[in-house]
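Worksheet: the structure to be examined is printed underneath.
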Amino acid sequence: MYDELTKSDLKKMQEEIDYRVQQLRPKLIEDVQTARAFGDLSENFEYKCAKQEKNRNDSRIRYLQRMIKTAHVIDDRSADDAAGLYDSVEILMENTGKKRTIRLVTTLRQDALKGLISKESPVGQAVMGHRVGERVHVDMGNGRGYWMEILSIEKGKDDDSIPIGSF
């Protein structure tokens, strides 16, 4: 399986890899060497922490490289009146009567607490490609779900203001 990402996503990931390899990794290696010089490694907390940070950085580099290698590059080609990638969509959740504004983004940039909803999430899949005034069903699996109404759509574009997520 592959992740659907934009050219901007790939660029941001490559920039993070470059930073981690060229700037962060040498500093972390130096920290490990400095902590190692403190003495007995079996009781050296600084050494263990420095080693963990170096390993965490190396793991993030591998993760980003794998994402780039397996990514499927997409463009947003939604109709002018339909919800698409980077659009802000005001929805009414019929089961609660609450309105909410969400912005549709790629999985790499999702952050539900900030209203950034992945186009691959149940809500994102329900809204993508639909128009103002349409009722859409959010399928939560196992026969469960709820209805929403699309109240408005504000067309957006990738302005590089949304950072890529970390793990």
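Chains: A, B, ... in order of the structure tokens. Residues: from 1 per chain. Ligands: from 1, in order shown.
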Distance table requested - stretch 20-93 of chain A against stretch 103-116 of chain A, cut-off 9 Å, only C-alpha atoms: one row per qualifying residue with the closest atom pair and its distance in Å to one decimal, ordered by chain and rising residue number, as CSV.
residue,atom,partner,partner_atom,distance
A:Ala83,CA,A:Leu104,CA,8.3
A:Gly84,CA,A:Leu104,CA,6.9
A:Leu85,CA,A:Leu104,CA,5.3
A:Tyr86,CA,A:Leu104,CA,5.0
A:Asp87,CA,A:Arg103,CA,5.6
A:Ser88,CA,A:Arg103,CA,4.3
A:Val89,CA,A:Arg103,CA,6.1
A:Glu90,CA,A:Arg103,CA,8.8
- Message: Please extract the residues of chain A with a backbone DSSP assignment of alpha helix (DSSP H) and present them as a ChimeraX atom specification.
- Response: /A:7-19,25-36,45-70,122-127
A:Asp31 environment, 9 Å, only C-alpha atoms, sequence neighbours closer than 6 positions dropped, as a PDB file with N, CA, C and O atoms, in the first residue's frame:
ATOM      1  N   GLU A  46      23.220   9.502  31.039  1.00  0.00           N
ATOM      2  CA  GLU A  46      23.417  10.442  29.930  1.00  0.00           C
ATOM      3  C   GLU A  46      23.701   9.701  28.628  1.00  0.00           C
ATOM      4  O   GLU A  46      23.200  10.072  27.565  1.00  0.00           O
ATOM      5  N   TYR A  47      24.494   8.635  28.720  1.00  0.00           N
ATOM      6  CA  TYR A  47      24.819   7.850  27.531  1.00  0.00           C
ATOM      7  C   TYR A  47      23.556   7.187  26.967  1.00  0.00           C
ATOM      8  O   TYR A  47      23.312   7.217  25.766  1.00  0.00           O
ATOM      9  N   ALA A  50      21.366   9.860  25.295  1.00  0.00           N
ATOM     10  CA  ALA A  50      21.959  10.323  24.035  1.00  0.00           C
ATOM     11  C   ALA A  50      21.799   9.261  22.952  1.00  0.00           C
ATOM     12  O   ALA A  50      21.494   9.569  21.789  1.00  0.00           O
ATOM     13  N   LYS A  51      21.987   8.007  23.313  1.00  0.00           N
ATOM     14  CA  LYS A  51      21.835   6.907  22.363  1.00  0.00           C
ATOM     15  C   LYS A  51      20.376   6.800  21.893  1.00  0.00           C
ATOM     16  O   LYS A  51      20.119   6.583  20.700  1.00  0.00           O
ATOM     17  N   LYS A  54      19.676   9.581  19.370  1.00  0.00           N
ATOM     18  CA  LYS A  54      20.298   9.258  18.082  1.00  0.00           C
ATOM     19  C   LYS A  54      19.476   8.204  17.353  1.00  0.00           C
ATOM     20  O   LYS A  54      19.192   8.336  16.157  1.00  0.00           O
TER      21      LYS A  54
END
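The interatomic distance for the pair atom CA of A:Val127 and atom CA of A:Met67 works out to 25.4 Å.
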- Nearby residues (only C-alpha atoms) at most 8 Å from A:Glu4, same-chain spacing under 2 positions excluded, as an MDAnalysis selection string: chainID A and resid 2 6 71:74 106:107
Please produce a file of those selected residues containing N, CA, C and O atoms, as a PDB file, in the first residue's frame.
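Writing the result to out-v6.pdb gives the following:
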ATOM      1  N   TYR A   2       0.390   2.288  -0.600  1.00  0.00           N
ATOM      2  CA  TYR A   2       1.143   3.520  -0.695  1.00  0.00           C
ATOM      3  C   TYR A   2       0.337   4.672  -0.088  1.00  0.00           C
ATOM      4  O   TYR A   2      -0.865   4.581   0.085  1.00  0.00           O
ATOM      5  N   THR A   6       1.221  14.945  -1.879  1.00  0.00           N
ATOM      6  CA  THR A   6       1.435  15.967  -2.901  1.00  0.00           C
ATOM      7  C   THR A   6       2.932  16.209  -3.079  1.00  0.00           C
ATOM      8  O   THR A   6       3.753  15.781  -2.260  1.00  0.00           O
ATOM      9  N   ALA A  71       5.497   6.630  -1.979  1.00  0.00           N
ATOM     10  CA  ALA A  71       4.408   7.597  -2.164  1.00  0.00           C
ATOM     11  C   ALA A  71       3.854   7.581  -3.584  1.00  0.00           C
ATOM     12  O   ALA A  71       4.578   7.350  -4.549  1.00  0.00           O
ATOM     13  N   HIS A  72       2.583   7.836  -3.659  1.00  0.00           N
ATOM     14  CA  HIS A  72       1.897   8.048  -4.937  1.00  0.00           C
ATOM     15  C   HIS A  72       1.593   9.542  -4.997  1.00  0.00           C
ATOM     16  O   HIS A  72       0.844  10.053  -4.156  1.00  0.00           O
ATOM     17  N   VAL A  73       2.166  10.264  -5.941  1.00  0.00           N
ATOM     18  CA  VAL A  73       2.007  11.719  -6.016  1.00  0.00           C
ATOM     19  C   VAL A  73       0.652  12.054  -6.625  1.00  0.00           C
ATOM     20  O   VAL A  73       0.277  11.525  -7.669  1.00  0.00           O
ATOM     21  N   ILE A  74      -0.074  12.937  -5.934  1.00  0.00           N
ATOM     22  CA  ILE A  74      -1.406  13.335  -6.391  1.00  0.00           C
ATOM     23  C   ILE A  74      -1.490  14.853  -6.524  1.00  0.00           C
ATOM     24  O   ILE A  74      -0.709  15.589  -5.936  1.00  0.00           O
ATOM     25  N   THR A 106      -3.748  15.889   3.283  1.00  0.00           N
ATOM     26  CA  THR A 106      -3.203  14.547   3.116  1.00  0.00           C
ATOM     27  C   THR A 106      -2.956  13.938   4.491  1.00  0.00           C
ATOM     28  O   THR A 106      -2.867  14.642   5.494  1.00  0.00           O
ATOM     29  N   THR A 107      -2.818  12.634   4.525  1.00  0.00           N
ATOM     30  CA  THR A 107      -2.636  11.919   5.788  1.00  0.00           C
ATOM     31  C   THR A 107      -1.420  12.424   6.563  1.00  0.00           C
ATOM     32  O   THR A 107      -1.434  12.490   7.784  1.00  0.00           O
TER      33      THR A 107
END
- Task: Considering only C-alpha atoms, state which residue in the set A:Asp159, A:Glu53, A:Asp40, A:Glu149 is at the smallest distance from A:Glu134.
- Result: A:Glu149
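Of the residues under consideration (A:Ala82, A:Leu92, A:Ile164, A:Ile153), A:Ala82 shows the shortest atom-to-atom contact distance to A:His130 when counting only C-alpha atoms.
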- Task: Name the residues in contact with A:Gln14 at a cut-off of 12 Å, using only C-alpha atoms, excluding same-chain residues fewer than 2 positions from it; report them as a ChimeraX atom specification.
- Result: /A:7-12,16-22,60-69,164
- Can you list every residue in stretch 43-149 of chain A that DSSP puts in strand (DSSP E or B), as number ranges by chain? A: 72-73, 82, 88-93, 98-105, 111, 116-118, 131, 135-141, 144-149
